[in-house]
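K.L.:
My structure file data_13.cif, mmCIF, C-alpha atoms and all ligand atoms, is below:
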data_run
#
loop_
_atom_site.label_atom_id
_atom_site.label_comp_id
_atom_site.auth_asym_id
_atom_site.auth_seq_id
_atom_site.Cartn_x
_atom_site.Cartn_y
_atom_site.Cartn_z
CA MET U 1 105.58 24.83 -206.08
CA PRO U 2 107.62 21.63 -205.55
CA LYS U 3 108.43 19.77 -208.75
CA THR U 4 106.48 16.64 -209.58
CA VAL U 5 108.22 13.39 -208.67
CA ILE U 6 109.50 11.14 -211.44
CA ILE U 7 108.99 7.47 -210.56
CA THR U 8 111.32 4.97 -212.22
CA CYS U 9 110.50 1.28 -211.93
CA ALA U 10 113.30 -1.27 -212.45
CA ILE U 11 111.40 -4.39 -213.43
CA THR U 12 113.72 -7.37 -213.03
CA GLY U 13 117.44 -6.43 -212.94
CA ALA U 14 120.29 -8.88 -212.54
CA ILE U 15 120.67 -9.01 -208.78
CA HIS U 16 117.87 -11.26 -207.63
CA THR U 17 117.39 -14.84 -208.83
CA PRO U 18 114.20 -16.82 -209.53
CA THR U 19 114.27 -18.90 -206.32
CA MET U 20 114.17 -15.73 -204.21
CA SER U 21 110.70 -14.72 -205.41
CA LYS U 22 108.15 -16.36 -207.67
CA TYR U 23 107.02 -12.84 -208.58
CA LEU U 24 110.31 -11.90 -210.27
CA PRO U 25 109.51 -11.55 -214.00
CA ILE U 26 111.58 -13.82 -216.21
CA THR U 27 110.10 -14.43 -219.65
CA PRO U 28 109.62 -11.66 -222.25
CA GLY U 29 105.86 -11.91 -221.70
CA GLU U 30 106.20 -11.52 -217.94
CA ILE U 31 108.64 -8.61 -218.30
CA ALA U 32 106.29 -6.84 -220.74
CA ASP U 33 103.22 -7.38 -218.52
CA GLU U 34 105.05 -6.16 -215.42
CA ALA U 35 106.41 -3.10 -217.23
CA ILE U 36 102.99 -2.16 -218.63
CA ALA U 37 101.35 -2.54 -215.22
CA ALA U 38 104.09 -0.51 -213.52
CA ALA U 39 103.60 2.29 -216.05
CA ALA U 40 99.83 2.20 -215.51
CA ALA U 41 100.45 2.46 -211.75
CA GLY U 42 102.46 5.68 -212.20
CA ALA U 43 106.03 4.93 -213.28
CA SER U 44 107.13 7.28 -216.06
CA ILE U 45 110.48 5.53 -216.63
CA ILE U 46 110.82 1.76 -216.98
CA HIS U 47 114.36 0.42 -216.41
CA LEU U 48 114.90 -2.94 -218.11
CA HIS U 49 117.23 -5.94 -218.17
CA ALA U 50 116.60 -9.24 -219.98
CA ARG U 51 116.67 -12.80 -218.66
CA ASP U 52 116.99 -16.18 -220.30
CA PRO U 53 113.36 -17.36 -220.59
CA GLN U 54 114.37 -20.95 -219.71
CA ASP U 55 116.13 -20.44 -216.38
CA GLY U 56 115.95 -16.71 -215.51
CA LYS U 57 119.70 -16.09 -215.78
CA PRO U 58 120.55 -12.51 -216.87
CA THR U 59 121.18 -12.57 -220.61
CA ALA U 60 123.00 -10.29 -223.05
CA GLU U 61 120.94 -11.43 -226.06
CA ALA U 62 119.54 -8.44 -227.93
CA ASP U 63 116.91 -10.74 -229.47
CA VAL U 64 115.43 -11.34 -226.05
CA TYR U 65 115.07 -7.58 -225.45
CA MET U 66 113.36 -7.32 -228.83
CA GLU U 67 110.76 -9.83 -227.65
CA PHE U 68 109.40 -7.47 -224.99
CA LEU U 69 110.31 -3.89 -226.03
CA PRO U 70 107.73 -3.47 -228.85
CA ALA U 71 104.90 -4.70 -226.61
CA ILE U 72 105.81 -2.17 -223.91
CA LYS U 73 106.09 0.63 -226.44
CA GLN U 74 102.68 -0.19 -227.92
CA SER U 75 100.86 -0.29 -224.59
CA THR U 76 102.35 2.63 -222.64
CA ASP U 77 103.85 6.06 -223.18
CA ALA U 78 106.44 5.42 -220.46
CA ILE U 79 110.09 6.06 -221.22
CA ILE U 80 112.09 2.90 -221.80
CA ASN U 81 115.51 2.87 -220.18
CA ILE U 82 117.79 -0.07 -220.98
CA THR U 83 120.62 -1.24 -218.77
CA THR U 84 124.28 -1.03 -219.76
CA GLY U 85 125.14 -2.72 -216.45
CA GLY U 86 123.74 -6.02 -217.73
CA GLY U 87 124.51 -9.01 -215.53
CA HIS U 88 127.50 -9.81 -213.34
CA GLY U 89 130.31 -11.42 -215.30
CA MET U 90 129.33 -10.03 -218.73
CA SER U 91 131.82 -8.03 -220.81
CA LEU U 92 131.02 -4.38 -221.55
CA THR U 93 129.94 -5.16 -225.10
CA GLU U 94 127.66 -7.95 -223.87
CA ARG U 95 126.22 -5.62 -221.26
CA CYS U 96 125.38 -3.03 -223.93
CA ALA U 97 124.07 -5.37 -226.65
CA GLY U 98 120.38 -4.76 -225.88
CA ALA U 99 120.75 -0.99 -225.64
CA LEU U 100 122.85 -0.75 -228.82
CA CYS U 101 120.24 -2.70 -230.75
CA ALA U 102 117.22 -0.86 -229.30
CA ARG U 103 118.67 2.71 -229.30
CA PRO U 104 116.34 3.72 -226.45
CA GLU U 105 115.56 7.20 -225.17
CA MET U 106 117.47 6.36 -222.00
CA ALA U 107 120.16 3.93 -220.86
CA SER U 108 121.82 3.36 -217.52
CA LEU U 109 125.48 4.34 -217.11
CA ASN U 110 127.44 3.13 -214.10
CA MET U 111 129.89 5.76 -212.94
CA GLY U 112 132.75 3.75 -211.50
CA SER U 113 134.34 0.36 -210.96
CA MET U 114 133.48 -1.29 -207.68
CA ASN U 115 132.93 -4.41 -205.63
CA PHE U 116 129.29 -5.53 -206.00
CA GLY U 117 128.71 -8.21 -203.38
CA LEU U 118 125.67 -10.40 -203.83
CA PHE U 119 127.16 -13.37 -201.94
CA PRO U 120 125.52 -12.53 -198.54
CA MET U 121 122.21 -13.52 -200.15
CA LEU U 122 123.52 -17.12 -200.26
CA ASN U 123 122.71 -17.40 -196.55
CA LYS U 124 119.02 -16.61 -197.05
CA GLN U 125 118.26 -19.66 -199.18
CA HIS U 126 119.16 -23.32 -198.82
CA ARG U 127 117.56 -24.88 -201.88
CA TRP U 128 117.95 -23.35 -205.32
CA THR U 129 115.83 -24.09 -208.37
CA TYR U 130 118.71 -23.62 -210.82
CA GLU U 131 122.39 -24.45 -210.44
CA TRP U 132 123.47 -21.11 -211.86
CA GLU U 133 121.89 -19.17 -208.98
CA PRO U 134 124.28 -20.00 -206.07
CA ALA U 135 127.26 -19.96 -208.47
CA TYR U 136 126.28 -16.47 -209.69
CA LEU U 137 126.00 -15.09 -206.17
CA GLU U 138 129.21 -16.79 -204.99
CA MET U 139 131.15 -15.38 -207.95
CA THR U 140 130.63 -11.82 -206.63
CA HIS U 141 132.98 -12.61 -203.73
CA ASP U 142 135.85 -12.11 -206.17
CA PHE U 143 134.33 -9.83 -208.82
CA ILE U 144 134.86 -6.23 -209.86
CA PHE U 145 131.97 -4.49 -211.59
CA LYS U 146 134.24 -2.82 -214.14
CA ASN U 147 133.39 0.67 -215.29
CA THR U 148 136.69 2.35 -216.14
CA TYR U 149 136.92 5.86 -217.59
CA LYS U 150 137.45 4.28 -221.00
CA ASP U 151 134.37 2.06 -220.56
CA ILE U 152 132.23 5.03 -219.56
CA GLU U 153 133.52 7.13 -222.47
CA TRP U 154 132.72 4.26 -224.85
CA VAL U 155 129.10 4.11 -223.68
CA MET U 156 128.78 7.89 -223.84
CA LYS U 157 129.98 7.81 -227.45
CA GLU U 158 128.15 4.71 -228.72
CA LEU U 159 124.79 5.38 -227.13
CA GLY U 160 124.80 9.07 -226.25
CA GLU U 161 126.64 10.78 -229.08
CA ASP U 162 125.79 8.30 -231.85
CA HIS U 163 122.20 7.47 -230.92
CA GLY U 164 120.97 10.38 -228.80
CA ALA U 165 120.26 8.33 -225.68
CA ARG U 166 120.37 10.19 -222.40
CA PHE U 167 121.59 8.49 -219.27
CA GLU U 168 120.47 7.41 -215.86
CA PHE U 169 123.85 8.03 -214.18
CA GLU U 170 124.15 5.27 -211.59
CA CYS U 171 126.17 6.61 -208.65
CA TYR U 172 126.82 4.08 -205.89
CA ASP U 173 129.26 6.20 -203.95
CA MET U 174 130.47 9.78 -203.53
CA GLY U 175 133.38 9.27 -205.95
CA HIS U 176 130.92 8.47 -208.71
CA LEU U 177 129.48 11.99 -208.47
CA TYR U 178 132.98 13.37 -208.94
CA ASN U 179 133.51 11.06 -211.92
CA LEU U 180 130.37 12.48 -213.50
CA ALA U 181 131.58 16.02 -212.78
CA HIS U 182 134.84 15.12 -214.55
CA PHE U 183 132.96 14.09 -217.71
CA VAL U 184 130.85 17.25 -217.51
CA ASP U 185 134.05 19.34 -217.29
CA ARG U 186 135.34 17.61 -220.41
CA GLY U 187 132.10 18.39 -222.23
CA LEU U 188 131.30 14.71 -222.86
CA VAL U 189 127.81 14.97 -221.39
CA LYS U 190 125.42 17.87 -221.24
CA PRO U 191 122.68 18.75 -218.72
CA PRO U 192 120.06 17.97 -217.63
CA PHE U 193 121.42 14.83 -215.93
CA LEU U 194 119.32 12.18 -214.23
CA ILE U 195 121.54 11.23 -211.31
CA GLN U 196 120.44 8.00 -209.68
CA THR U 197 122.04 7.85 -206.24
CA ILE U 198 122.11 4.30 -204.91
CA PHE U 199 122.26 3.29 -201.26
CA GLY U 200 122.80 -0.15 -199.77
CA VAL U 201 124.68 -2.11 -202.44
CA LEU U 202 127.52 -4.01 -200.73
CA GLY U 203 130.55 -2.23 -202.20
CA GLY U 204 128.79 1.14 -202.46
CA ILE U 205 127.66 3.75 -199.93
CA GLY U 206 125.49 2.43 -197.08
CA ALA U 207 121.80 3.08 -196.53
CA ASP U 208 122.24 5.71 -193.81
CA ILE U 209 120.07 8.82 -194.07
CA ASP U 210 123.13 10.96 -193.30
CA ASN U 211 124.56 9.71 -196.59
CA LEU U 212 121.38 10.72 -198.41
CA THR U 213 121.61 14.32 -197.24
CA HIS U 214 125.37 14.45 -197.86
CA VAL U 215 124.97 13.14 -201.42
CA ARG U 216 122.30 15.77 -202.09
CA HIS U 217 124.51 18.50 -200.70
CA ILE U 218 127.51 17.51 -202.83
CA ALA U 219 125.42 16.99 -205.97
CA ASN U 220 124.01 20.49 -205.53
CA LYS U 221 127.55 21.87 -205.28
CA LEU U 222 128.87 19.92 -208.26
CA PHE U 223 125.94 20.26 -210.66
CA GLY U 224 123.34 22.61 -209.16
CA GLU U 225 119.66 22.63 -210.06
CA PRO U 226 118.24 22.89 -212.72
CA ASN U 227 121.23 21.10 -214.30
CA TYR U 228 120.31 17.81 -212.74
CA GLU U 229 117.37 15.72 -211.62
CA TRP U 230 118.14 13.84 -208.43
CA SER U 231 116.73 10.35 -208.05
CA ILE U 232 117.05 7.95 -205.14
CA LEU U 233 117.09 4.20 -204.90
CA ALA U 234 117.88 2.09 -201.88
CA THR U 235 118.10 -1.68 -201.79
CA GLY U 236 115.96 -4.17 -199.90
CA ARG U 237 114.20 -2.96 -196.77
CA HIS U 238 115.54 0.57 -197.23
CA GLN U 239 113.66 1.10 -200.50
CA MET U 240 110.49 2.92 -199.36
CA ARG U 241 112.11 4.83 -196.46
CA PHE U 242 114.76 6.30 -198.73
CA GLY U 243 112.27 6.95 -201.51
CA ALA U 244 109.96 8.83 -199.14
CA THR U 245 112.79 10.85 -197.57
CA GLY U 246 114.28 11.60 -200.97
CA ALA U 247 110.93 12.86 -202.27
CA VAL U 248 110.60 15.18 -199.25
CA LEU U 249 114.07 16.54 -200.03
CA GLY U 250 113.06 17.33 -203.62
CA GLY U 251 114.18 14.11 -205.28
CA ASN U 252 112.70 11.61 -207.68
CA VAL U 253 112.36 7.94 -206.77
CA ARG U 254 113.19 4.52 -208.19
CA VAL U 255 111.44 1.35 -207.04
CA GLY U 256 111.04 -2.11 -208.59
CA LEU U 257 111.94 -5.74 -208.06
CA GLU U 258 115.49 -5.15 -209.35
CA ASP U 259 116.21 -3.26 -206.13
CA SER U 260 113.93 -4.93 -203.57
CA LEU U 261 111.72 -8.03 -203.62
CA TYR U 262 109.63 -6.79 -200.68
CA ILE U 263 106.62 -4.56 -200.10
CA SER U 264 106.95 -4.51 -196.30
CA LYS U 265 108.88 -6.39 -193.62
CA GLY U 266 108.90 -10.08 -194.53
CA ARG U 267 106.25 -9.68 -197.25
CA LEU U 268 107.25 -10.27 -200.87
CA ALA U 269 105.93 -7.73 -203.35
CA ARG U 270 103.51 -9.51 -205.66
CA SER U 271 104.39 -7.23 -208.56
CA ASN U 272 106.38 -4.19 -209.58
CA ALA U 273 103.12 -2.27 -209.82
CA GLU U 274 102.49 -2.92 -206.12
CA GLN U 275 105.72 -1.09 -205.24
CA VAL U 276 104.92 1.75 -207.68
CA SER U 277 101.44 2.14 -206.15
CA GLN U 278 102.91 2.22 -202.66
CA ILE U 279 105.47 4.92 -203.40
CA LYS U 280 102.85 6.88 -205.38
CA SER U 281 100.49 6.95 -202.41
CA ILE U 282 103.33 7.95 -200.06
CA ILE U 283 104.22 10.80 -202.45
CA GLU U 284 100.60 11.91 -202.72
CA ASP U 285 100.11 11.69 -198.96
CA LEU U 286 102.99 14.17 -198.71
CA SER U 287 100.98 16.55 -200.94
CA LEU U 288 103.39 16.01 -203.81
CA GLU U 289 102.43 14.91 -207.31
CA ILE U 290 103.93 12.35 -209.62
CA ALA U 291 105.32 13.28 -213.05
CA THR U 292 103.72 12.09 -216.28
CA PRO U 293 105.90 10.61 -219.04
CA THR U 294 105.38 13.84 -221.04
CA GLU U 295 106.69 15.98 -218.18
CA THR U 296 109.58 13.57 -217.66
CA ARG U 297 110.55 13.72 -221.33
CA GLU U 298 110.54 17.52 -221.21
CA ARG U 299 112.54 17.74 -217.99
CA LEU U 300 115.18 15.28 -219.20
CA GLN U 301 115.12 16.56 -222.80
CA LEU U 302 114.73 13.12 -224.30
CA LYS U 303 114.75 12.46 -228.04
CA GLY U 304 111.22 10.97 -228.07
CA ILE U 305 109.57 7.61 -228.48
CA HIS U 306 109.65 7.76 -232.29
CA GLN U 307 113.45 7.89 -232.40
CA VAL U 308 114.06 4.45 -230.92
CA GLY U 309 115.09 1.24 -232.72
CA PHE U 310 112.18 -1.03 -231.79
N1 LIG Z 401 123.74 -5.49 -212.94
C1 LIG Z 401 124.37 -4.76 -211.89
C2 LIG Z 401 125.81 -5.14 -211.78
C3 LIG Z 401 122.43 -1.07 -214.31
O1 LIG Z 401 121.38 -1.54 -214.69
O2 LIG Z 401 123.12 -0.36 -215.02
C4 LIG Z 401 124.20 -3.27 -211.97
C5 LIG Z 401 123.02 -2.75 -212.64
C6 LIG Z 401 122.97 -1.34 -212.95
O3 LIG Z 401 122.09 -3.43 -212.91
ZN ZN Z 402 119.65 -2.24 -213.69
#
Represent the structure contained in this file as structure tokens.
Ligand code: KMH
Ligand code: ZN
P.N.:
Amino acid sequence: MPKTVIITCAITGAIHTPTMSKYLPITPGEIADEAIAAAAAGASIIHLHARDPQDGKPTAEADVYMEFLPAIKQSTDAIINITTGGGHGMSLTERCAGALCARPEMASLNMGSMNFGLFPMLNKQHRWTYEWEPAYLEMTHDFIFKNTYKDIEWVMKELGEDHGARFEFECYDMGHLYNLAHFVDRGLVKPPFLIQTIFGVLGGIGADIDNLTHVRHIANKLFGEPNYEWSILATGRHQMRFGATGAVLGGNVRVGLEDSLYISKGRLARSNAEQVSQIKSIIEDLSLEIATPTETRERLQLKGIHQVGF
């Protein structure tokens, strides 16, 4: 029997800006509503960032996270996964402030330093609602998303060892898989690993299906099932095609407005739940089943909803 497919939904992220889509959730209330609806639609993991409620800029304020986390916990049994990637331009401690305060079951962990180019999106828009938006995108022309070995070790210690969080290992390129294997060799992280392989970020591996199969092949060699759960996310228009192909190849899938604002060519997704419903029906049309939060917790050996700090 094929395994059930774990759907992660990344609700708002720090890549898109408010002018790009009126459906991008900004305020704590919007983020909570979108997360609850995505969970009801079939997502068992909810990946979260926070935004300044006034202007939608990614924020590091733990207080803002605390305005939406309890509501999501009360209304769903989905697993809450908090970013340690934060927003572009934040320091590592700023990036981790929400996760350190909330001590979630899961947190993201970015597996290498890299270029992370958002500036091509400047060409898609001519009028911006907020001044920070074009400046934020432009800044990525000369920006390194810094995740040194020391940074990664710090997150592993502060969140993993000290608070029992398990990680969504964000791997944007082949080298990131080898970085994870290095930490496994040193005994700093233990299986099972949720390895989120990411395609289509400018600065990471491209959204070519040959890369998808190659990544799977190398991950099997480095980690081998059942030591890891493979998950796939692709940006923008590649989102559903990669999700569907990944599911066929035995993977789990991430969708959400963090990664793509669209539901089909030229059509903005009206909600995160719309993307979750779409990938769920693709999965079910393939005669596969989606995982429940209970199954996901068991497979990833998570500490449980009662062990969090919110
Ligand atoms: N904010 C991006 C630079 C994560 O959540 O850990 C990367 C990111 C990944 O959002
Ligand atoms: Zn994220």
K.L.:
For the atom pair atom CA of Ala244 of chain U and atom CA of Lys190 of chain U, what is the interatomic distance in Å to one decimal place?
P.N.:
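One can read the atom CA of Ala244 of chain U to atom CA of Lys190 of chain U distance as 28.4 Å.
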K.L.:
Using only C-alpha atoms and all ligand atoms for the distances, tell me which of U:Glu298, U:Glu168, U:Asp208, U:Glu274 is nearest to ligand LIG 401 (chain Z).
P.N.:
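Ranked by minimum distance to ligand LIG 401 (chain Z), first place goes to U:Glu168.
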K.L.:
When the cut-off is 7 Å and you count all atoms listed in the file, which residues lie near ligand ZN 402 (chain Z), shown as a count of residues only?
P.N.:
10
K.L.:
Can you pull out every residue with an atom within 10 Å of ligand LIG 401 (chain Z)? Use only C-alpha atoms and all ligand atoms and format it as number ranges by chain.
P.N.:
U: 10, 12-16, 47-49, 58, 81-90, 95-96, 107-111, 114-118, 140, 144-146, 167-172, 198, 201, 258-259
K.L.:
Given 3 Å on each side, where is the centre and what are the edge lengths in Å to one decimal of the axis-aligned box enclosing the listed atoms of segment 9-16 of chain U, as lines of an AutoDock Vina configuration file?
P.N.:
center_x = 115.6
center_y = -5.0
center_z = -210.5
size_x = 16.2
size_y = 18.5
size_z = 11.8
K.L.:
At a cut-off of 9 Å, using all atoms listed in the file, what residues contact Ala207 of chain U? Leave out same-chain residues fewer than 4 positions from it and give the result as number ranges by chain.
P.N.:
U: 198-201, 211-212, 234-235, 238, 242
K.L.:
I need the residues from that last selection saved to file as a short mmCIF file (atom, residue, chain, number, x, y, z; two decimals), keeping the file's coordinate frame (with C-alpha atoms), if you can.
P.N.:
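So again.cif came out as:
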data_model
loop_
_atom_site.label_atom_id
_atom_site.label_comp_id
_atom_site.auth_asym_id
_atom_site.auth_seq_id
_atom_site.Cartn_x
_atom_site.Cartn_y
_atom_site.Cartn_z
CA ILE U 198 122.11 4.30 -204.91
CA PHE U 199 122.26 3.29 -201.26
CA GLY U 200 122.80 -0.15 -199.77
CA VAL U 201 124.68 -2.11 -202.44
CA ASN U 211 124.56 9.71 -196.59
CA LEU U 212 121.38 10.72 -198.41
CA ALA U 234 117.88 2.09 -201.88
CA THR U 235 118.10 -1.68 -201.79
CA HIS U 238 115.54 0.57 -197.23
CA PHE U 242 114.76 6.30 -198.73
#
K.L.:
So how far away is atom CA of Ser271 of chain U from atom CA of Gly29 of chain U, in Å?
P.N.:
14.0 Å
K.L.:
Measuring atom to atom with only C-alpha atoms, identify which of U:Glu138, U:Thr8, U:Arg103, U:Gln74 is nearest to Pro120 of chain U.
P.N.:
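Between U:Glu138, U:Thr8, U:Arg103, U:Gln74, the residue approaching Pro120 of chain U most closely is U:Glu138.
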K.L.:
My list of candidates is U:Met156, U:Met121, U:Met139, U:Leu257. Which is closest to Phe183 of chain U when distances are computed with only C-alpha atoms?
P.N.:
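Once distances to Phe183 of chain U are computed over only C-alpha atoms, the minimum belongs to U:Met156.
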